[in-house]
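target-v8.csv follows; it contains CSV, C-alpha atoms.
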```
chain,number,residue,atom,x,y,z
A,1,MET,CA,-2.5,-17.7,-5.8
A,2,GLY,CA,-5.8,-18.5,-4.3
A,3,ALA,CA,-8.9,-17.1,-5.9
A,4,ILE,CA,-9.9,-13.7,-4.6
A,5,GLN,CA,-12.6,-14.2,-2.0
A,6,ASN,CA,-15.9,-12.6,-2.6
A,7,LYS,CA,-16.9,-10.5,0.3
A,8,VAL,CA,-20.6,-10.6,-0.5
A,9,ALA,CA,-22.6,-13.1,1.6
A,10,GLY,CA,-25.4,-15.4,0.4
A,11,PRO,CA,-26.3,-17.1,-2.9
A,12,VAL,CA,-27.6,-15.2,-5.9
A,13,SER,CA,-30.9,-17.1,-5.9
A,14,GLU,CA,-31.7,-15.8,-2.4
A,15,GLU,CA,-30.9,-12.3,-3.6
A,16,LEU,CA,-33.4,-12.6,-6.4
A,17,THR,CA,-36.1,-13.9,-4.1
A,18,LEU,CA,-35.5,-10.9,-1.8
A,19,VAL,CA,-35.6,-8.5,-4.8
A,20,GLN,CA,-38.8,-9.9,-6.1
A,21,ALA,CA,-40.4,-9.7,-2.7
A,22,ALA,CA,-39.2,-6.1,-2.3
A,23,LYS,CA,-40.7,-5.2,-5.7
A,24,ARG,CA,-44.0,-6.5,-4.4
A,25,GLY,CA,-43.8,-4.1,-1.6
A,26,ASP,CA,-42.3,-6.2,1.1
A,27,ASP,CA,-40.1,-3.7,3.0
A,28,SER,CA,-38.6,-6.4,5.3
A,29,ALA,CA,-37.2,-8.0,2.2
A,30,PHE,CA,-35.6,-4.7,1.2
A,31,GLU,CA,-34.3,-4.3,4.7
A,32,GLU,CA,-32.6,-7.7,4.3
A,33,LEU,CA,-31.0,-6.5,1.1
A,34,VAL,CA,-29.7,-3.4,3.1
A,35,ARG,CA,-28.3,-5.7,5.8
A,36,ARG,CA,-26.7,-7.9,3.2
A,37,TYR,CA,-24.9,-5.1,1.3
A,38,ASP,CA,-24.6,-2.0,3.5
A,39,ARG,CA,-21.0,-2.8,4.6
A,40,ASN,CA,-19.9,-3.3,1.0
A,41,VAL,CA,-21.5,-0.1,-0.1
A,42,PHE,CA,-19.9,1.8,2.8
A,43,ARG,CA,-16.5,0.4,2.1
A,44,ILE,CA,-16.7,1.3,-1.6
A,45,ALA,CA,-18.1,4.7,-0.9
A,46,GLN,CA,-15.3,5.5,1.6
A,47,HIS,CA,-12.6,4.3,-0.7
A,48,ILE,CA,-13.9,6.6,-3.5
A,49,THR,CA,-14.8,9.7,-1.4
A,50,GLN,CA,-12.1,9.3,1.2
A,51,ASN,CA,-14.5,10.9,3.6
A,52,ARG,CA,-16.5,9.2,6.3
A,53,GLU,CA,-19.5,11.5,6.3
A,54,ASP,CA,-19.8,11.4,2.6
A,55,ALA,CA,-19.6,7.6,2.7
A,56,GLU,CA,-22.5,7.5,5.2
A,57,ASP,CA,-24.6,9.8,2.9
A,58,VAL,CA,-23.7,7.6,-0.1
A,59,VAL,CA,-25.0,4.5,1.8
A,60,GLN,CA,-28.3,6.2,2.5
A,61,GLU,CA,-28.7,7.7,-0.9
A,62,ALA,CA,-27.7,4.6,-2.8
A,63,PHE,CA,-30.3,2.4,-1.0
A,64,LEU,CA,-33.0,5.0,-1.3
A,65,LYS,CA,-32.4,5.3,-5.0
A,66,ALA,CA,-32.4,1.5,-5.4
A,67,TYR,CA,-35.7,1.4,-3.4
A,68,GLY,CA,-37.3,4.1,-5.5
A,69,ASN,CA,-36.2,2.6,-8.8
A,70,LEU,CA,-36.6,-1.1,-7.9
A,71,ALA,CA,-39.4,-1.5,-10.5
A,72,GLN,CA,-36.9,-0.5,-13.2
A,73,PHE,CA,-34.4,-3.1,-12.2
A,74,GLN,CA,-34.5,-5.7,-14.9
A,75,GLU,CA,-33.1,-8.7,-13.0
A,76,GLN,CA,-30.8,-9.5,-15.9
A,77,SER,CA,-27.8,-8.6,-13.8
A,78,LYS,CA,-27.2,-9.1,-10.1
A,79,PHE,CA,-29.0,-6.7,-7.8
A,80,TYR,CA,-25.6,-6.1,-6.0
A,81,THR,CA,-23.9,-5.1,-9.3
A,82,TRP,CA,-26.8,-2.7,-10.0
A,83,LEU,CA,-26.6,-1.3,-6.5
A,84,VAL,CA,-22.8,-0.8,-6.8
A,85,ARG,CA,-23.3,1.1,-10.0
A,86,ILE,CA,-25.7,3.5,-8.2
A,87,ALA,CA,-23.4,3.8,-5.2
A,88,VAL,CA,-20.3,4.5,-7.3
A,89,ASN,CA,-22.2,7.3,-9.1
A,90,GLU,CA,-23.3,8.8,-5.9
A,91,ALA,CA,-19.8,8.6,-4.5
A,92,LEU,CA,-18.3,10.3,-7.6
A,93,MET,CA,-20.9,13.1,-7.3
A,94,LYS,CA,-19.8,13.7,-3.7
A,95,LEU,CA,-16.2,13.8,-4.8
A,96,ARG,CA,-16.9,16.2,-7.6
A,97,ARG,CA,-18.7,18.5,-5.1
A,98,ARG,CA,-15.9,18.3,-2.7
A,99,LYS,CA,-13.1,18.7,-5.3
A,100,PRO,CA,-14.7,20.9,-8.0
A,101,GLU,CA,-11.3,22.0,-9.1
A,102,ARG,CA,-10.5,18.6,-10.4
A,103,THR,CA,-12.6,16.7,-13.0
A,104,VAL,CA,-13.6,13.5,-11.4
A,105,SER,CA,-14.8,10.9,-13.8
A,106,LEU,CA,-14.4,7.2,-14.4
A,107,ASP,CA,-13.8,8.0,-18.0
A,108,GLU,CA,-11.1,10.5,-17.4
A,109,ASP,CA,-8.2,10.2,-19.7
A,110,ILE,CA,-5.7,8.2,-17.9
A,111,LYS,CA,-2.2,8.1,-19.4
A,112,THR,CA,-1.5,4.6,-20.6
A,113,GLU,CA,2.0,4.9,-21.9
A,114,ASP,CA,5.2,4.2,-20.1
A,115,ASP,CA,3.9,4.7,-16.6
A,116,SER,CA,3.2,1.1,-16.0
A,117,LEU,CA,6.8,-0.1,-16.0
A,118,PRO,CA,7.7,-0.4,-12.3
A,119,ARG,CA,10.6,1.9,-11.5
A,120,GLU,CA,11.6,0.6,-8.1
A,121,ILE,CA,12.1,-3.1,-7.9
A,122,ALA,CA,13.2,-3.4,-4.3
A,123,ASP,CA,12.0,-6.5,-2.5
A,124,TRP,CA,9.8,-6.3,0.6
A,125,SER,CA,10.7,-7.7,4.0
A,126,PRO,CA,8.8,-10.9,4.9
A,127,ASN,CA,5.3,-10.2,6.4
A,128,PRO,CA,5.8,-6.4,6.0
A,129,GLU,CA,2.4,-5.6,7.5
A,130,GLN,CA,3.7,-7.0,10.9
A,131,GLN,CA,6.2,-4.2,11.2
A,132,TYR,CA,3.2,-1.9,12.0
A,133,THR,CA,0.3,-1.8,14.4
A,134,GLN,CA,-3.2,-2.3,13.0
A,135,ALA,CA,-3.8,1.5,13.3
A,136,GLU,CA,-0.6,2.4,11.6
A,137,LEU,CA,-1.2,-0.1,8.8
A,138,ARG,CA,-4.7,1.2,8.2
A,139,GLU,CA,-3.3,4.8,8.0
A,140,ILE,CA,-0.6,3.7,5.5
A,141,LEU,CA,-3.1,1.8,3.3
A,142,SER,CA,-5.6,4.6,3.4
A,143,LYS,CA,-3.0,7.2,2.6
A,144,THR,CA,-1.6,5.1,-0.2
A,145,ILE,CA,-4.8,4.4,-2.0
A,146,GLN,CA,-5.9,8.0,-1.7
A,147,GLY,CA,-3.0,8.9,-4.0
A,148,LEU,CA,-4.5,7.0,-6.9
A,149,PRO,CA,-6.8,8.6,-9.4
A,150,PRO,CA,-10.5,7.9,-8.6
A,151,GLY,CA,-10.8,5.8,-11.8
A,152,PHE,CA,-8.0,3.5,-10.7
A,153,ARG,CA,-8.9,3.1,-7.0
A,154,THR,CA,-12.6,2.4,-7.9
A,155,VAL,CA,-11.6,-0.5,-10.1
A,156,PHE,CA,-9.1,-1.8,-7.6
A,157,VAL,CA,-11.6,-1.6,-4.8
A,158,LEU,CA,-14.4,-3.4,-6.7
A,159,ARG,CA,-12.1,-6.1,-8.1
A,160,ASP,CA,-9.5,-6.7,-5.4
A,161,VAL,CA,-11.2,-5.6,-2.1
A,162,GLU,CA,-14.8,-6.5,-2.8
A,163,GLY,CA,-14.0,-9.4,-5.1
A,164,LEU,CA,-16.3,-8.6,-8.0
A,165,SER,CA,-15.3,-10.4,-11.2
A,166,THR,CA,-13.8,-8.4,-14.0
A,167,GLU,CA,-17.1,-8.7,-15.9
A,168,GLU,CA,-19.1,-7.5,-12.9
A,169,THR,CA,-16.8,-4.6,-12.4
A,170,ALA,CA,-17.1,-3.7,-16.0
A,171,ALA,CA,-20.9,-3.8,-15.8
A,172,ALA,CA,-21.0,-1.9,-12.5
A,173,LEU,CA,-18.8,0.9,-13.9
A,174,GLU,CA,-20.0,0.8,-17.5
A,175,LEU,CA,-16.5,0.2,-18.7
A,176,SER,CA,-15.2,-2.4,-21.2
A,177,VAL,CA,-13.5,-5.5,-19.9
A,178,PRO,CA,-10.1,-4.4,-21.4
A,179,ALA,CA,-10.5,-1.0,-19.7
A,180,VAL,CA,-11.1,-2.6,-16.4
A,181,LYS,CA,-8.1,-4.9,-16.8
A,182,SER,CA,-5.8,-2.1,-17.9
A,183,ARG,CA,-6.8,0.1,-14.9
A,184,LEU,CA,-6.5,-2.8,-12.5
A,185,LEU,CA,-3.0,-3.5,-13.6
A,186,ARG,CA,-2.0,0.1,-13.2
A,187,ALA,CA,-3.7,0.5,-9.9
A,188,ARG,CA,-2.1,-2.7,-8.6
A,189,LEU,CA,1.4,-1.6,-9.8
A,190,GLN,CA,1.1,1.9,-8.5
A,191,LEU,CA,-0.1,0.7,-5.1
A,192,ARG,CA,2.7,-1.9,-5.0
A,193,GLU,CA,5.3,0.8,-5.7
A,194,ARG,CA,3.9,3.3,-3.2
A,195,LEU,CA,3.6,0.6,-0.4
A,196,GLY,CA,7.2,-0.3,-1.1
A,197,ARG,CA,8.2,2.9,0.7
A,198,TYR,CA,6.9,1.4,3.9
A,199,PHE,CA,7.5,-2.3,3.3
A,200,GLN,CA,10.9,-2.4,1.7
A,201,ARG,CA,13.5,-4.8,3.0
A,202,ARG,CA,15.7,-2.5,5.1
A,203,GLU,CA,19.1,-3.5,4.0
A,204,SER,CA,20.6,-0.2,4.8
A,205,SER,CA,19.3,-0.1,8.3
A,206,LYS,CA,20.6,-3.6,8.9
A,207,ASP,CA,24.0,-2.4,7.7
A,208,ALA,CA,23.7,0.6,10.1
A,209,GLU,CA,22.8,-1.8,12.9
A,210,ALA,CA,25.8,-4.0,12.1
A,211,LYS,CA,28.0,-0.9,12.2
A,212,ASN,CA,26.5,0.3,15.4
A,213,GLY,CA,27.1,-3.2,16.8
A,214,GLU,CA,30.8,-3.0,15.9
A,215,SER,CA,31.3,0.4,17.3
A,216,LYS,CA,29.4,-0.6,20.5
A,217,GLY,CA,31.7,-3.6,20.6
A,218,ASP,CA,34.6,-1.3,20.4
A,219,VAL,CA,33.3,0.8,23.2
A,220,THR,CA,32.5,-2.2,25.4
A,221,SER,CA,35.9,-3.8,24.8
A,222,GLY,CA,37.4,-0.4,25.6
A,223,ASP,CA,35.4,-0.2,28.8
A,224,GLY,CA,36.2,-3.8,29.7
A,225,ASN,CA,39.9,-3.4,29.2
A,226,PRO,CA,41.0,-0.1,30.6
B,1,MET,CA,9.0,-14.1,-22.6
B,2,LYS,CA,10.3,-10.6,-22.1
B,3,CYS,CA,9.8,-8.4,-19.1
B,4,ALA,CA,7.3,-6.1,-20.9
B,5,GLU,CA,5.2,-9.2,-21.9
B,6,PHE,CA,5.3,-10.5,-18.3
B,7,LEU,CA,3.8,-7.2,-17.3
B,8,THR,CA,0.9,-7.3,-19.7
B,9,GLU,CA,0.1,-10.8,-18.5
B,10,LEU,CA,0.6,-10.1,-14.8
B,11,THR,CA,-3.0,-9.3,-14.0
B,12,ASN,CA,-4.3,-12.4,-15.8
B,13,TYR,CA,-1.7,-14.5,-14.0
B,14,LEU,CA,-2.6,-13.2,-10.6
B,15,ASP,CA,-6.3,-13.6,-11.3
B,16,GLY,CA,-5.6,-17.2,-12.4
B,17,VAL,CA,-7.1,-16.8,-15.9
B,18,LEU,CA,-4.0,-17.4,-18.1
B,19,ASP,CA,-4.0,-20.2,-20.6
B,20,GLU,CA,-1.6,-23.0,-19.7
B,21,LYS,CA,1.0,-22.2,-22.4
B,22,THR,CA,1.3,-18.6,-21.4
B,23,LYS,CA,1.4,-19.5,-17.7
B,24,VAL,CA,4.3,-21.9,-18.2
B,25,GLU,CA,6.2,-19.2,-20.2
B,26,LEU,CA,5.5,-16.6,-17.5
B,27,GLU,CA,6.6,-18.9,-14.7
B,28,ASN,CA,9.7,-19.8,-16.7
B,29,HIS,CA,10.5,-16.1,-17.0
B,30,LEU,CA,10.0,-15.7,-13.2
B,31,SER,CA,12.4,-18.5,-12.5
B,32,TRP,CA,15.3,-16.5,-13.8
B,33,CYS,CA,14.2,-12.8,-13.8
B,34,HIS,CA,14.6,-11.6,-10.3
B,35,ASN,CA,13.1,-8.2,-10.9
B,36,CYS,CA,9.9,-9.6,-12.4
B,37,TYR,CA,9.7,-12.2,-9.6
B,38,VAL,CA,9.8,-9.4,-7.0
B,39,VAL,CA,7.2,-7.3,-8.9
B,40,CYS,CA,4.9,-10.4,-9.1
B,41,ASP,CA,5.4,-11.3,-5.5
B,42,THR,CA,5.0,-7.8,-4.0
B,43,THR,CA,2.0,-7.1,-6.3
B,44,LYS,CA,0.3,-10.2,-4.9
B,45,LYS,CA,1.1,-9.1,-1.4
B,46,THR,CA,-0.3,-5.7,-2.1
B,47,ILE,CA,-3.7,-7.2,-3.1
B,48,GLU,CA,-3.7,-9.5,-0.1
B,49,ILE,CA,-2.9,-6.7,2.3
B,50,TYR,CA,-5.7,-4.6,1.0
B,51,ARG,CA,-8.1,-7.4,0.9
B,52,ASP,CA,-7.4,-8.5,4.4
B,53,SER,CA,-7.0,-5.0,5.9
B,54,GLN,CA,-10.6,-4.5,7.1
B,55,LEU,CA,-10.2,-0.9,6.1
B,56,TYR,CA,-13.4,1.2,6.5
B,57,GLU,CA,-15.4,-1.4,8.3
B,58,LEU,CA,-18.9,-0.1,9.2
B,59,PRO,CA,-19.3,0.0,13.0
B,60,GLU,CA,-22.4,-1.9,14.2
B,61,ASP,CA,-24.0,1.1,16.0
B,62,LEU,CA,-23.6,3.3,12.9
B,63,ARG,CA,-24.8,0.5,10.8
B,64,SER,CA,-28.1,0.1,12.6
B,65,ARG,CA,-28.5,3.9,12.7
B,66,LEU,CA,-28.0,4.1,8.9
B,67,ARG,CA,-30.3,1.2,8.3
B,68,SER,CA,-33.2,2.6,10.3
B,69,ALA,CA,-32.7,6.0,8.6
B,70,ILE,CA,-32.8,4.3,5.2
B,71,MET,CA,-36.0,2.3,6.1
B,72,THR,CA,-37.7,5.4,7.5
B,73,LYS,CA,-37.0,7.4,4.3
B,74,CYS,CA,-38.1,4.5,2.1
B,75,GLN,CA,-41.4,4.4,3.9
B,76,GLN,CA,-41.8,8.2,3.5
B,77,GLN,CA,-41.1,7.8,-0.1
B,78,LYS,CA,-43.6,5.0,-0.5
B,79,LYS,CA,-46.3,7.2,1.1
B,80,ARG,CA,-45.6,10.0,-1.3
B,81,GLY,CA,-46.1,7.6,-4.2
B,82,PRO,CA,-43.9,6.7,-7.1
B,83,GLN,CA,-41.6,9.5,-8.2
B,84,SER,CA,-38.0,9.9,-9.2
B,85,VAL,CA,-35.7,10.2,-6.3
```
For this file, produce the structure as structure tokens.
Amino acid sequence: MGAIQNKVAGPVSEELTLVQAAKRGDDSAFEELVRRYDRNVFRIAQHITQNREDAEDVVQEAFLKAYGNLAQFQEQSKFYTWLVRIAVNEALMKLRRRKPERTVSLDEDIKTEDDSLPREIADWSPNPEQQYTQAELREILSKTIQGLPPGFRTVFVLRDVEGLSTEETAAALELSVPAVKSRLLRARLQLRERLGRYFQRRESSKDAEAKNGESKGDVTSGDGNP
Amino acid sequence: MKCAEFLTELTNYLDGVLDEKTKVELENHLSWCHNCYVVCDTTKKTIEIYRDSQLYELPEDLRSRLRSAIMTKCQQQKKRGPQSV
């Protein structure tokens, strides 16, 4: 399997130069950082909040917080990882406000026993995504990931969608590396199982088609030979 | 390698960070265990589909609106002087 592509543009050294300029008060340098990472922050925020308006708010609040606290950024980690940490916190706060009945936390106690063994092991059809239009596929993917606990989907999004390394994800979420790995495995397996409902090889419908074909054949031959 | 062991190594395998010995054992397991092969293959597809999905892309018009709102607020914040946000 090819390495997971990082969706973040530009080398780290350039990032540091921009951060240092922004710290000295160069707003155009900060604006460049916004340009560089706004799409990532929006994607992460919408994955966590599952709400477009909340995601827009998170983008604004996260950058504003980063701007206000830039002096405190130590430059020991990547600016992007630091920014993601701020954005994830903002997004979780939004989610808590929207769903106060449920405790929303990255540290929530997630059951780790038994639930990881895949129950359904049906194969998928080749290129399953091509069975659906782009819009249908987005709907399926969005609905499917919404079903995961926030702690799982956040790890999945940072690791597999945004392409952060395990260590960067751990740093951004203040989790241990084993915790990230364990959540990532569960998130991947749960998504796989849920997507299987849409992408499974449709043996049964093929059988049905074959039967239909036969019965049609009967009808045709009946019609053809009165 | 047993199926349960395959599962604990799956994430490291897909991320390409398995040591050579475990990787060989895992691939040997996949060569005869159809269920694990399917799990491995469809999990990989799951990751690829999400990664390539362009789910939640930020439209350009909204993007520039957000950016100018951010920069305006940053400048207001600067004028007010340093304080916690």
Report task. Pick out the chain B residues within 8 Å of chain A. Count only C-alpha atoms. Give them as number ranges by chain. Result -> B: 4, 7, 10-11, 14-16, 35, 38-39, 42-43, 46-47, 49-51, 53, 55-58, 63, 66-67, 69-71, 73-74, 77, 82-85
Could you write out the selected residues, including C-alpha atoms, as a PDB file, in the frame of the given file?
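That gives us part34.pdb:
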```pdb
ATOM      1  CA  ALA B   4       7.300  -6.100 -20.900  1.00  0.00           C
ATOM      2  CA  LEU B   7       3.800  -7.200 -17.300  1.00  0.00           C
ATOM      3  CA  LEU B  10       0.600 -10.100 -14.800  1.00  0.00           C
ATOM      4  CA  THR B  11      -3.000  -9.300 -14.000  1.00  0.00           C
ATOM      5  CA  LEU B  14      -2.600 -13.200 -10.600  1.00  0.00           C
ATOM      6  CA  ASP B  15      -6.300 -13.600 -11.300  1.00  0.00           C
ATOM      7  CA  GLY B  16      -5.600 -17.200 -12.400  1.00  0.00           C
ATOM      8  CA  ASN B  35      13.100  -8.200 -10.900  1.00  0.00           C
ATOM      9  CA  VAL B  38       9.800  -9.400  -7.000  1.00  0.00           C
ATOM     10  CA  VAL B  39       7.200  -7.300  -8.900  1.00  0.00           C
ATOM     11  CA  THR B  42       5.000  -7.800  -4.000  1.00  0.00           C
ATOM     12  CA  THR B  43       2.000  -7.100  -6.300  1.00  0.00           C
ATOM     13  CA  THR B  46      -0.300  -5.700  -2.100  1.00  0.00           C
ATOM     14  CA  ILE B  47      -3.700  -7.200  -3.100  1.00  0.00           C
ATOM     15  CA  ILE B  49      -2.900  -6.700   2.300  1.00  0.00           C
ATOM     16  CA  TYR B  50      -5.700  -4.600   1.000  1.00  0.00           C
ATOM     17  CA  ARG B  51      -8.100  -7.400   0.900  1.00  0.00           C
ATOM     18  CA  SER B  53      -7.000  -5.000   5.900  1.00  0.00           C
ATOM     19  CA  LEU B  55     -10.200  -0.900   6.100  1.00  0.00           C
ATOM     20  CA  TYR B  56     -13.400   1.200   6.500  1.00  0.00           C
ATOM     21  CA  GLU B  57     -15.400  -1.400   8.300  1.00  0.00           C
ATOM     22  CA  LEU B  58     -18.900  -0.100   9.200  1.00  0.00           C
ATOM     23  CA  ARG B  63     -24.800   0.500  10.800  1.00  0.00           C
ATOM     24  CA  LEU B  66     -28.000   4.100   8.900  1.00  0.00           C
ATOM     25  CA  ARG B  67     -30.300   1.200   8.300  1.00  0.00           C
ATOM     26  CA  ALA B  69     -32.700   6.000   8.600  1.00  0.00           C
ATOM     27  CA  ILE B  70     -32.800   4.300   5.200  1.00  0.00           C
ATOM     28  CA  MET B  71     -36.000   2.300   6.100  1.00  0.00           C
ATOM     29  CA  LYS B  73     -37.000   7.400   4.300  1.00  0.00           C
ATOM     30  CA  CYS B  74     -38.100   4.500   2.100  1.00  0.00           C
ATOM     31  CA  GLN B  77     -41.100   7.800  -0.100  1.00  0.00           C
ATOM     32  CA  PRO B  82     -43.900   6.700  -7.100  1.00  0.00           C
ATOM     33  CA  GLN B  83     -41.600   9.500  -8.200  1.00  0.00           C
ATOM     34  CA  SER B  84     -38.000   9.900  -9.200  1.00  0.00           C
ATOM     35  CA  VAL B  85     -35.700  10.200  -6.300  1.00  0.00           C
TER      36      VAL B  85
END
```
Report task. Quick one: pull the distance between CA of Phe152 (chain A) and CA of Tyr37 (chain A), Å, one decimal. Result ->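 These atoms are spaced 22.4 Å apart.
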**Report entry** Closest of A:Leu16, A:Gln76, A:Gln130, A:Ala91 to Val58 (chain A) - atom-to-atom distances counting only C-alpha atoms
**Finding:**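 For Val58 (chain A), the nearest of the given residues is A:Ala91.
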Requested in this report: To one decimal in Å, tell me the separation between CA of Leu70 (chain A) and CA of Val177 (chain A).
Outcome: 26.4 Å
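Shortest atom-to-atom contact with Ile86 (chain A) among A:Leu173, A:Leu18, A:Arg183, A:Arg197: A:Leu173, counting only C-alpha atoms.
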Around all of region 65-72 of chain A's listed atoms, make the axis-aligned box with 5 Å on each side and tell me centre and edge lengths in Å to one decimal, as lines of an AutoDock Vina configuration file.
```
center_x = -35.9
center_y = 1.9
center_z = -8.3
size_x = 17.0
size_y = 16.8
size_z = 19.8
```
